[in-house]
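Data file: start38.cif. Format and content: mmCIF, C-alpha atoms.
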data_final
loop_
_atom_site.label_atom_id
_atom_site.label_comp_id
_atom_site.auth_asym_id
_atom_site.auth_seq_id
_atom_site.Cartn_x
_atom_site.Cartn_y
_atom_site.Cartn_z
CA MET A 1 15.54 54.73 -23.35
CA ARG A 2 17.36 54.51 -20.02
CA VAL A 3 14.05 54.96 -18.20
CA LEU A 4 12.49 52.19 -20.33
CA PHE A 5 15.42 49.84 -19.68
CA THR A 6 15.23 50.56 -15.96
CA SER A 7 11.49 49.81 -15.97
CA ILE A 8 11.96 46.52 -17.83
CA LEU A 9 14.79 45.50 -15.49
CA ALA A 10 12.63 46.26 -12.46
CA LEU A 11 9.81 44.20 -13.96
CA LEU A 12 12.12 41.25 -14.63
CA LEU A 13 13.55 41.42 -11.12
CA GLY A 14 10.02 41.54 -9.77
CA LEU A 15 9.08 38.46 -11.79
CA GLN A 16 12.22 36.69 -10.59
CA VAL A 17 11.37 37.41 -6.97
CA PHE A 18 7.79 36.24 -7.59
CA CYS A 19 9.01 32.98 -9.16
CA GLN A 20 11.37 32.38 -6.28
CA THR A 21 8.68 32.82 -3.66
CA SER A 22 5.51 31.49 -5.31
CA PHE A 23 6.55 27.87 -4.69
CA GLN A 24 8.19 28.39 -1.32
CA ILE A 25 8.77 25.53 1.14
CA LYS A 26 8.74 26.72 4.74
CA PRO A 27 10.34 24.86 7.71
CA GLU A 28 6.87 24.05 9.08
CA ASN A 29 6.02 22.13 5.87
CA ALA A 30 8.40 19.36 6.98
CA ASP A 31 5.58 18.10 9.24
CA CYS A 32 2.41 16.29 8.19
CA SER A 33 0.31 18.77 10.15
CA LYS A 34 1.43 21.68 7.92
CA PRO A 35 1.33 20.37 4.35
CA ILE A 36 1.40 22.47 1.18
CA GLU A 37 -1.69 22.15 -0.99
CA ILE A 38 -1.08 21.39 -4.66
CA LYS A 39 -4.10 23.16 -6.13
CA ASP A 40 -3.19 22.71 -9.78
CA THR A 41 -1.19 19.96 -11.50
CA LEU A 42 2.22 21.56 -10.92
CA PHE A 43 4.09 22.89 -7.91
CA GLY A 44 7.62 24.20 -8.38
CA PRO A 45 10.42 24.68 -8.86
CA THR A 46 10.79 25.05 -5.10
CA ASN A 47 13.56 25.90 -2.75
CA ALA A 48 15.20 22.89 -1.06
CA PRO A 49 13.50 21.16 1.88
CA SER A 50 15.70 21.25 4.99
CA GLY A 51 15.39 18.95 8.01
CA PHE A 52 12.49 16.80 9.19
CA GLY A 53 10.57 19.39 11.17
CA SER A 54 9.42 19.08 14.76
CA MET A 55 8.39 15.43 14.39
CA MET A 56 9.73 12.47 12.40
CA GLU A 57 6.53 10.80 11.18
CA VAL A 58 7.90 8.43 8.51
CA SER A 59 10.71 6.14 9.64
CA GLY A 60 11.29 2.41 9.63
CA ASP A 61 13.59 -0.48 8.93
CA LYS A 62 16.50 0.19 6.56
CA HIS A 63 15.00 -2.13 3.96
CA SER A 64 11.35 -1.20 4.49
CA LEU A 65 9.08 -0.92 1.47
CA TYR A 66 6.70 1.39 3.33
CA ALA A 67 8.89 4.02 5.02
CA PHE A 68 12.19 5.88 4.79
CA GLU A 69 14.84 4.60 7.19
CA LYS A 70 14.49 8.11 8.58
CA GLU A 71 13.41 11.52 7.32
CA HIS A 72 16.33 13.63 6.08
CA ASN A 73 15.00 16.76 4.38
CA THR A 74 11.27 16.46 3.94
CA VAL A 75 8.25 18.38 2.73
CA TRP A 76 4.59 17.33 2.93
CA TYR A 77 2.06 18.06 0.21
CA PHE A 78 -1.62 17.27 -0.17
CA PHE A 79 -3.96 17.36 -3.14
CA ARG A 80 -7.54 16.46 -3.97
CA ALA A 81 -8.34 14.20 -6.94
CA LYS A 82 -10.20 16.18 -9.61
CA ASN A 83 -12.04 13.20 -11.07
CA ASP A 84 -12.09 9.41 -11.34
CA CYS A 85 -8.77 8.95 -13.15
CA LEU A 86 -5.45 7.15 -13.29
CA LEU A 87 -2.92 9.31 -11.45
CA GLU A 88 0.72 9.55 -12.48
CA LEU A 89 3.11 11.99 -10.83
CA GLU A 90 6.69 13.10 -11.24
CA ILE A 91 9.16 14.66 -8.84
CA VAL A 92 11.79 16.47 -10.88
CA PRO A 93 14.88 17.66 -8.98
CA VAL A 94 16.55 20.91 -9.95
CA SER A 95 19.92 19.13 -9.53
CA ILE A 96 20.50 15.52 -10.62
CA ASN A 97 22.75 15.16 -7.58
CA ASP A 98 19.69 15.25 -5.30
CA ASP A 99 18.18 11.88 -4.34
CA TYR A 100 14.43 12.26 -3.79
CA ASP A 101 12.28 9.50 -2.27
CA PHE A 102 8.55 9.68 -1.62
CA VAL A 103 5.72 8.07 0.33
CA LEU A 104 2.10 8.57 -0.77
CA TYR A 105 -0.81 8.13 1.64
CA LYS A 106 -4.57 8.26 1.17
CA TYR A 107 -6.02 10.66 3.76
CA THR A 108 -8.39 9.11 6.32
CA ASP A 109 -9.66 11.50 8.99
CA LYS A 110 -8.62 14.17 11.49
CA ASN A 111 -6.32 11.68 13.25
CA PHE A 112 -4.42 11.00 10.02
CA CYS A 113 -1.06 12.58 10.89
CA GLN A 114 -0.89 10.96 14.33
CA ASP A 115 -1.89 7.61 12.83
CA VAL A 116 0.94 7.94 10.30
CA ALA A 117 3.41 8.67 13.09
CA ASP A 118 2.06 5.70 15.10
CA LYS A 119 2.38 3.51 11.97
CA LYS A 120 -1.31 2.65 12.00
CA ILE A 121 -1.67 3.63 8.34
CA GLN A 122 0.15 2.00 5.46
CA PRO A 123 1.00 4.09 2.39
CA VAL A 124 -0.58 3.34 -0.97
CA ARG A 125 2.66 3.90 -2.93
CA THR A 126 6.36 4.38 -2.17
CA CYS A 127 9.64 4.73 -4.06
CA ILE A 128 12.75 4.80 -1.86
CA SER A 129 15.30 3.62 -4.42
CA ARG A 130 18.62 5.28 -5.18
CA ASN A 131 18.49 8.17 -7.67
CA ASP A 132 19.23 7.38 -11.30
CA LYS A 133 21.20 10.21 -12.87
CA THR A 134 20.61 8.82 -16.37
CA ASN A 135 16.96 9.92 -16.12
CA GLY A 136 17.74 13.21 -14.39
CA SER A 137 17.22 11.63 -10.92
CA LYS A 138 13.45 11.88 -11.41
CA THR A 139 10.98 9.68 -9.52
CA GLY A 140 7.22 9.29 -9.20
CA LEU A 141 4.29 7.16 -10.38
CA SER A 142 4.08 5.76 -13.90
CA ALA A 143 1.50 3.76 -15.83
CA LYS A 144 4.39 1.69 -17.17
CA ALA A 145 5.63 0.66 -13.70
CA THR A 146 4.52 -2.62 -12.10
CA ASP A 147 5.62 -2.38 -8.43
CA GLU A 148 3.53 -0.46 -5.90
CA PHE A 149 6.35 -0.25 -3.33
CA ILE A 150 10.09 0.08 -3.99
CA HIS A 151 12.72 -0.29 -1.23
CA SER A 152 16.02 1.51 -0.73
CA GLY A 153 19.13 0.75 -2.77
CA PRO A 154 19.30 0.13 -6.53
CA GLY A 155 15.84 -0.20 -8.03
CA ALA A 156 13.18 1.26 -10.27
CA SER A 157 12.70 5.03 -10.23
CA TYR A 158 8.92 4.88 -10.58
CA SER A 159 6.22 2.93 -8.79
CA LYS A 160 2.87 1.94 -10.27
CA ALA A 161 0.28 4.62 -11.14
CA ILE A 162 -2.82 4.62 -8.93
CA ALA A 163 -6.55 4.85 -9.69
CA VAL A 164 -8.10 7.76 -7.79
CA ARG A 165 -11.69 8.86 -7.31
CA LYS A 166 -13.02 12.40 -7.41
CA GLY A 167 -12.73 14.13 -4.04
CA GLU A 168 -10.23 11.71 -2.49
CA VAL A 169 -7.39 13.46 -0.64
CA TYR A 170 -3.80 12.24 -0.82
CA TYR A 171 -0.78 13.24 1.26
CA LEU A 172 2.65 13.11 -0.37
CA CYS A 173 5.82 13.13 1.75
CA VAL A 174 8.93 13.94 -0.30
CA ASP A 175 12.40 13.42 1.18
CA ASN A 176 15.78 14.51 -0.18
CA VAL A 177 18.43 12.25 1.31
CA TYR A 178 21.19 14.80 0.86
CA PRO A 179 21.56 18.22 2.57
CA ASN A 180 21.96 21.51 0.71
CA GLY A 181 19.70 20.44 -2.14
CA LYS A 182 18.48 22.60 -4.99
CA GLY A 183 14.72 22.08 -4.82
CA HIS A 184 12.29 20.24 -7.09
CA THR A 185 9.03 20.37 -9.04
CA VAL A 186 6.01 18.11 -8.43
CA ILE A 187 3.87 17.38 -11.50
CA LEU A 188 0.50 15.58 -11.34
CA HIS A 189 -0.88 13.92 -14.46
CA TYR A 190 -4.43 12.51 -14.73
CA SER A 191 -5.43 10.16 -17.55
CA GLY A 192 -8.30 7.84 -18.45
CA CYS A 193 -10.70 10.09 -16.56
CA LYS A 194 -14.41 9.43 -16.36
CA ALA A 195 -15.95 10.55 -19.63
CA PRO A 196 -18.97 12.86 -19.83
CA VAL A 197 -22.31 11.60 -21.08
CA ALA A 198 -22.66 11.83 -24.87
CA VAL A 199 -24.73 14.88 -25.81
CA ASN A 200 -27.55 14.56 -28.35
CA LYS A 201 -27.25 17.19 -31.08
CA THR A 202 -30.86 18.21 -30.55
CA GLN A 203 -30.26 19.20 -26.93
CA THR A 204 -30.48 22.86 -26.10
CA LYS A 205 -27.56 24.82 -24.71
CA THR A 206 -29.27 24.85 -21.32
CA GLN A 207 -29.59 21.06 -21.39
CA VAL A 208 -25.93 20.65 -22.33
CA LYS A 209 -24.82 22.76 -19.39
CA THR A 210 -26.67 20.57 -16.92
CA THR A 211 -25.40 17.26 -18.36
CA THR A 212 -23.81 15.06 -15.69
CA THR A 213 -20.99 12.53 -15.93
CA VAL A 214 -21.37 8.76 -16.10
CA ALA A 215 -21.25 7.02 -12.74
CA PRO A 216 -18.75 4.14 -12.61
CA LYS A 217 -20.46 0.79 -13.02
CA ASN A 218 -20.52 -1.88 -10.32
CA THR A 219 -18.16 -4.85 -10.50
CA ILE A 220 -19.25 -8.46 -10.98
CA VAL A 221 -16.94 -10.65 -8.87
CA THR A 222 -16.94 -14.41 -9.51
CA LEU A 223 -15.66 -16.57 -6.64
CA LYS A 224 -14.55 -20.18 -7.20
CA VAL A 225 -13.61 -22.49 -4.30
CA VAL A 226 -11.14 -25.36 -4.85
CA ASP A 227 -9.05 -27.83 -2.87
CA LYS A 228 -5.53 -26.37 -2.88
CA ASP A 229 -3.83 -29.71 -3.55
CA THR A 230 -6.18 -31.24 -6.14
CA GLN A 231 -7.61 -28.00 -7.58
CA LYS A 232 -11.02 -29.70 -7.67
CA PRO A 233 -14.12 -27.65 -6.74
CA ILE A 234 -15.36 -27.98 -3.16
CA LYS A 235 -18.36 -26.49 -1.39
CA ALA A 236 -17.84 -23.84 1.27
CA ASN A 237 -19.70 -21.14 3.17
CA LEU A 238 -18.66 -17.71 1.89
CA LYS A 239 -19.04 -14.27 3.46
CA ILE A 240 -18.07 -10.94 1.92
CA PHE A 241 -17.27 -7.98 4.20
CA ASP A 242 -16.24 -4.37 3.76
CA LYS A 243 -12.51 -4.55 4.54
CA ASN A 244 -12.81 -1.83 7.17
CA LYS A 245 -15.68 -3.68 8.88
CA SER A 246 -14.64 -7.34 8.63
CA ASP A 247 -15.83 -8.10 12.17
CA THR A 248 -19.43 -6.94 11.53
CA ILE A 249 -22.42 -8.39 9.65
CA PRO A 250 -21.36 -9.58 6.17
CA LEU A 251 -22.55 -7.71 3.08
CA PHE A 252 -23.17 -11.01 1.26
CA LYS A 253 -23.46 -14.60 2.47
CA TYR A 254 -23.50 -17.84 0.44
CA ASP A 255 -23.97 -21.29 2.04
CA SER A 256 -22.46 -24.51 0.64
CA VAL A 257 -21.42 -23.25 -2.80
CA ALA A 258 -18.48 -24.12 -5.06
CA SER A 259 -18.89 -20.87 -7.00
CA CYS A 260 -20.98 -17.71 -6.86
CA LYS A 261 -21.20 -14.17 -8.20
CA ALA A 262 -21.51 -10.93 -6.25
CA THR A 263 -22.16 -7.39 -7.47
CA LEU A 264 -19.80 -5.03 -5.62
CA LEU A 265 -19.05 -1.33 -5.72
CA PRO A 266 -16.09 -0.21 -7.87
CA ASN A 267 -12.73 0.77 -6.37
CA VAL A 268 -13.54 -0.64 -2.91
CA SER A 269 -11.59 -3.12 -0.75
CA TYR A 270 -13.39 -6.21 0.55
CA VAL A 271 -12.55 -9.34 2.55
CA VAL A 272 -13.88 -12.76 1.48
CA LYS A 273 -14.02 -15.34 4.28
CA SER A 274 -14.64 -19.01 3.56
CA GLU A 275 -15.11 -22.13 5.68
CA SER A 276 -15.61 -25.81 4.84
CA GLY A 277 -15.56 -28.96 6.94
CA GLY A 278 -12.12 -30.61 7.01
CA TYR A 279 -10.38 -27.47 5.76
CA PHE A 280 -8.65 -24.44 7.23
CA ASP A 281 -10.77 -21.31 7.11
CA ASN A 282 -9.59 -18.76 4.57
CA ALA A 283 -9.59 -14.94 4.35
CA ARG A 284 -8.74 -13.17 1.09
CA ASP A 285 -8.58 -9.45 0.29
CA ILE A 286 -10.03 -8.23 -2.96
CA LYS A 287 -10.04 -4.71 -4.43
CA THR A 288 -12.52 -3.97 -7.17
CA LEU A 289 -11.40 -1.89 -10.13
CA ALA A 290 -12.33 1.75 -10.59
CA THR A 291 -13.41 0.88 -14.14
CA GLY A 292 -15.94 -1.68 -12.91
CA ASP A 293 -14.38 -4.49 -14.96
CA PRO A 294 -15.37 -8.03 -13.83
CA ILE A 295 -13.03 -10.03 -11.58
CA THR A 296 -12.65 -13.77 -11.04
CA MET A 297 -10.98 -14.94 -7.83
CA LYS A 298 -9.99 -18.52 -7.01
CA ILE A 299 -10.06 -19.45 -3.32
CA ASP A 300 -7.62 -22.26 -2.43
CA MET A 301 -8.70 -24.19 0.67
CA SER A 302 -6.04 -26.20 2.54
CA SER A 303 -7.20 -29.54 3.97
CA ILE A 304 -6.57 -30.40 7.62
CA LYS A 305 -4.13 -33.32 7.61
CA VAL A 306 -0.95 -34.03 9.55
CA GLY A 307 2.05 -32.46 7.82
CA GLN A 308 -0.03 -29.96 5.86
CA ASN A 309 1.59 -26.54 5.44
CA VAL A 310 -0.82 -23.59 5.27
CA VAL A 311 0.71 -20.27 4.20
CA PHE A 312 -0.81 -17.04 5.55
CA GLU A 313 0.80 -14.34 3.38
CA ASN A 314 -1.62 -11.65 4.55
CA ILE A 315 -0.51 -11.77 8.19
CA LEU A 316 1.50 -8.56 7.95
CA PHE A 317 3.79 -6.76 10.39
CA TYR A 318 5.25 -3.29 10.75
CA ALA A 319 8.74 -3.14 9.26
CA GLY A 320 11.37 -4.55 11.61
CA ARG A 321 8.79 -5.29 14.34
CA ALA A 322 6.60 -8.12 15.59
CA ASP A 323 3.51 -5.87 15.77
CA PHE A 324 0.61 -6.71 13.45
CA LEU A 325 -0.61 -4.32 10.79
CA PRO A 326 -4.39 -3.74 10.95
CA ALA A 327 -4.87 -5.85 7.80
CA SER A 328 -3.78 -8.94 9.76
CA HIS A 329 -7.00 -9.07 11.78
CA ALA A 330 -8.99 -11.16 9.26
CA PRO A 331 -6.42 -13.98 8.72
CA LEU A 332 -5.70 -14.22 12.48
CA GLU A 333 -9.43 -14.50 13.07
CA VAL A 334 -9.83 -17.39 10.60
CA ILE A 335 -6.95 -19.35 12.21
CA ALA A 336 -8.69 -18.99 15.56
CA ALA A 337 -12.02 -20.04 14.02
CA THR A 338 -10.42 -23.15 12.50
CA MET A 339 -8.87 -24.09 15.85
CA LYS A 340 -12.20 -23.65 17.63
CA ARG A 341 -14.13 -25.73 15.08
CA ASN A 342 -11.51 -28.50 15.29
CA PRO A 343 -10.75 -28.96 19.03
CA LYS A 344 -8.22 -31.77 18.44
CA LEU A 345 -6.17 -29.80 15.91
CA GLN A 346 -2.54 -29.15 16.92
CA ILE A 347 -0.21 -26.82 15.05
CA GLU A 348 3.29 -25.38 14.80
CA ILE A 349 3.44 -21.67 13.91
CA GLN A 350 6.44 -20.83 11.70
CA GLY A 351 7.72 -17.29 11.12
CA HIS A 352 9.69 -16.13 8.06
CA VAL A 353 11.18 -12.73 7.13
CA ASN A 354 12.17 -11.13 3.85
CA CYS A 355 15.84 -10.30 3.25
CA PRO A 356 16.68 -11.03 -0.40
CA SER A 357 20.04 -10.78 -2.10
CA THR A 358 18.81 -7.67 -3.93
CA VAL A 359 18.88 -5.69 -0.65
CA ASP A 360 22.26 -4.39 0.56
CA GLY A 361 23.53 -5.81 3.85
CA CYS A 362 21.07 -8.68 4.29
CA ASP A 363 23.89 -11.19 4.70
CA LYS A 364 24.92 -9.34 7.88
CA MET A 365 21.47 -9.50 9.48
CA GLN A 366 21.05 -13.26 10.01
CA GLU A 367 20.91 -13.13 13.80
CA ALA A 368 18.49 -10.20 13.86
CA ASN A 369 16.31 -11.83 11.19
CA MET A 370 16.13 -15.07 13.17
CA GLU A 371 15.08 -13.24 16.32
CA LEU A 372 12.47 -11.24 14.41
CA SER A 373 10.98 -14.36 12.80
CA VAL A 374 10.69 -16.07 16.21
CA ASN A 375 9.02 -13.00 17.71
CA ARG A 376 6.54 -12.81 14.83
CA ALA A 377 5.63 -16.48 15.18
CA LYS A 378 5.21 -15.93 18.93
CA ALA A 379 2.94 -12.93 18.23
CA VAL A 380 0.54 -15.26 16.40
CA TYR A 381 0.82 -17.79 19.24
CA ASP A 382 0.06 -15.07 21.83
CA TYR A 383 -2.94 -13.86 19.84
CA LEU A 384 -4.44 -17.35 19.68
CA VAL A 385 -3.91 -17.90 23.41
CA LYS A 386 -5.56 -14.54 24.08
CA VAL A 387 -8.71 -15.51 22.12
CA GLY A 388 -9.09 -18.79 23.99
CA ILE A 389 -6.97 -21.43 22.20
CA ASN A 390 -5.23 -23.78 24.67
CA ALA A 391 -1.46 -23.15 24.59
CA THR A 392 -0.73 -26.91 24.77
CA ARG A 393 -2.13 -27.29 21.25
CA MET A 394 0.51 -24.99 19.74
CA THR A 395 4.26 -24.47 19.36
CA TYR A 396 6.12 -21.73 17.47
CA LYS A 397 9.42 -21.47 15.62
CA GLY A 398 11.32 -18.90 13.53
CA PHE A 399 13.38 -19.51 10.38
CA GLY A 400 14.73 -16.01 9.73
CA ALA A 401 15.35 -15.51 6.01
CA THR A 402 16.63 -19.07 5.47
CA LYS A 403 13.51 -20.33 3.64
CA MET A 404 12.56 -17.47 1.35
CA ILE A 405 10.35 -18.51 -1.56
CA TYR A 406 12.05 -15.87 -3.71
CA PRO A 407 15.70 -15.37 -2.56
CA ASP A 408 16.26 -12.74 -5.30
CA ALA A 409 12.94 -10.92 -4.88
CA ARG A 410 12.63 -7.44 -6.37
CA SER A 411 8.86 -6.91 -6.53
CA GLU A 412 6.59 -6.22 -3.57
CA ASP A 413 4.47 -9.27 -4.46
CA LYS A 414 7.46 -11.62 -4.14
CA MET A 415 8.73 -9.91 -0.98
CA GLU A 416 5.35 -10.37 0.69
CA LYS A 417 5.51 -14.09 -0.11
CA ASN A 418 8.89 -14.22 1.64
CA ARG A 419 7.53 -12.29 4.63
CA ARG A 420 4.98 -14.86 5.76
CA VAL A 421 3.59 -17.04 8.54
CA GLU A 422 3.02 -20.77 7.96
CA ILE A 423 0.88 -23.12 9.99
CA VAL A 424 1.97 -26.78 10.03
CA VAL A 425 -0.51 -29.40 11.23
CA THR A 426 1.18 -31.59 13.89
CA GLY A 427 -1.89 -33.45 15.13
CA LYS A 428 -5.65 -33.76 14.59
#

Would you mind writing the file out in structure tokens?
Amino acid sequence: MRVLFTSILALLLGLQVFCQTSFQIKPENADCSKPIEIKDTLFGPTNAPSGFGSMMEVSGDKHSLYAFEKEHNTVWYFFRAKNDCLLELEIVPVSINDDYDFVLYKYTDKNFCQDVADKKIQPVRTCISRNDKTNGSKTGLSAKATDEFIHSGPGASYSKAIAVRKGEVYYLCVDNVYPNGKGHTVILHYSGCKAPVAVNKTQTKTQVKTTTTVAPKNTIVTLKVVDKDTQKPIKANLKIFDKNKSDTIPLFKYDSVASCKATLLPNVSYVVKSESGGYFDNARDIKTLATGDPITMKIDMSSIKVGQNVVFENILFYAGRADFLPASHAPLEVIAATMKRNPKLQIEIQGHVNCPSTVDGCDKMQEANMELSVNRAKAVYDYLVKVGINATRMTYKGFGATKMIYPDARSEDKMEKNRRVEIVVTGK
């Protein structure tokens, strides 16, 4: 009996050691270049991440939606989507006293980690809010959530679930704000996955084995062009580009139409550019759905008249800086095109920043916000001068956070509307 007890005890101790080491985080895993692969749908419980490694890749403004203020105790993971599904995930801390934040990126190429560090890549989801002990301090992605990005301070614990396609690779950076943590478990959950083809009962076993899955259907996108003020249809020239190739030959082109339909690939990002005489050019992003469901998009065109305000919400900047994000290329290009087509047009470029009452400490940042808004307006001015627009046709001005459209913004959509550039027509 003593021998049996000793054998069982040894086995249990062996299992305990195995459990403690099978989900081990090493110091090198604090860097993007040495991530841990999540091969199944669960990883953990782990030991606690400690430190930020040899390089701090994810850092930004204190109130950024896209980055931690700094890395504290991080670990990088990566995983490959198993199918075309809706992905939810959960980060479950061992101790509710631990405050875990995360940033999720879609992998691009071999330069990915350096591009993240250089802030050339924007994450697809974040949640940097304060831990909520009432839910066990858990965080992640949820199909019930509505916001794609959540900033620091009080806020939702989960950001919006994301549609993934089979074979796509995602990098997950998890940060525990506090030292001496107790570890965590990462759980991936896939739902609504692409269904297999229905099998006819008369098929043979061999035929069933070789049955393939249904390819996602293409998306029918309906575009409607209207005057922004009157909402009446107007005719315009439309061009549709792959978002990553918006300066190349368009995929589709429509001349002098008030509406049109295009058949586009599912789960792909595009840019729609429009131009019409007497109006500002327009550039709109559109992302087709993974399900292939049809989309209707209204394109509001702003007329060129003295006093007209044209809002360019998709001129985006890195957090706390006056440097453009790559997505800003298309809207900057259409402003330049409008100026070139209308040589007598004169404008004032107005910069605005986001600092709502829902973010701690914004009331103490007025001077810094004003300076940032001026620098961002000047960045647009400098771009236009660089591409050949005469400087005498333009002025620039910053308003800080004094003219936010949503002073109490909580969602990313409302914050982006606060963080904008406006063009005011001063002469024509």

Could you give me, as a tab-separated table, every range 316-423 of chain A residue with an atom at most 10 Å from range 113-119 of chain A, plus its closest atom pair and distance in Å to one decimal, counting all atoms listed in the file, rows ordered by chain then number?
residue	atom	partner	partner_atom	distance
A:Tyr318	CA	A:Lys119	CA	7.5
A:Ala319	CA	A:Lys119	CA	9.6
A:Leu325	CA	A:Lys119	CA	8.5
A:Pro326	CA	A:Lys119	CA	10.0

Store the residues picked out above, limited to C-alpha atoms, as a PDB file, in the frame of the given file.
ATOM      1  CA  TYR A 318       5.250  -3.290  10.750  1.00  0.00           C
ATOM      2  CA  ALA A 319       8.740  -3.140   9.260  1.00  0.00           C
ATOM      3  CA  LEU A 325      -0.610  -4.320  10.790  1.00  0.00           C
ATOM      4  CA  PRO A 326      -4.390  -3.740  10.950  1.00  0.00           C
TER       5      PRO A 326
END

Could you state the separation of CA of His151 in chain A and CA of Asn418 in chain A in Å, given to one decimal place?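 For CA of His151 in chain A relative to CA of Asn418 in chain A, the distance reads 14.7 Å.
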
Residues near range 348-361 of chain A, cut-off 9 Å, all atoms listed in the file, skip fewer than 5 positions along chain, as an NGL selection string: :A and (63 or 151-154 or 369-370 or 372-378 or 380-381 or 393-404 or 406-410 or 415-426)

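Separating CA of Ala337 in chain A from CA of Ser276 in chain A is a distance of 11.4 Å.
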
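Ranking A:Ile96, A:Val103, A:Val169, A:Met297 by their shortest atom-to-atom distance to Lys133 in chain A, with all atoms listed in the file included, puts A:Ile96 first.
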
Padding of 4 Å on every side, edges along x, y and z, all listed atoms of range 287-294 of chain A included: what centre and edge lengths in Å, to one decimal, does that box have, as lines of an AutoDock Vina configuration file?
center_x = -13.0
center_y = -3.1
center_z = -9.7
size_x = 13.9
size_y = 17.8
size_z = 18.5
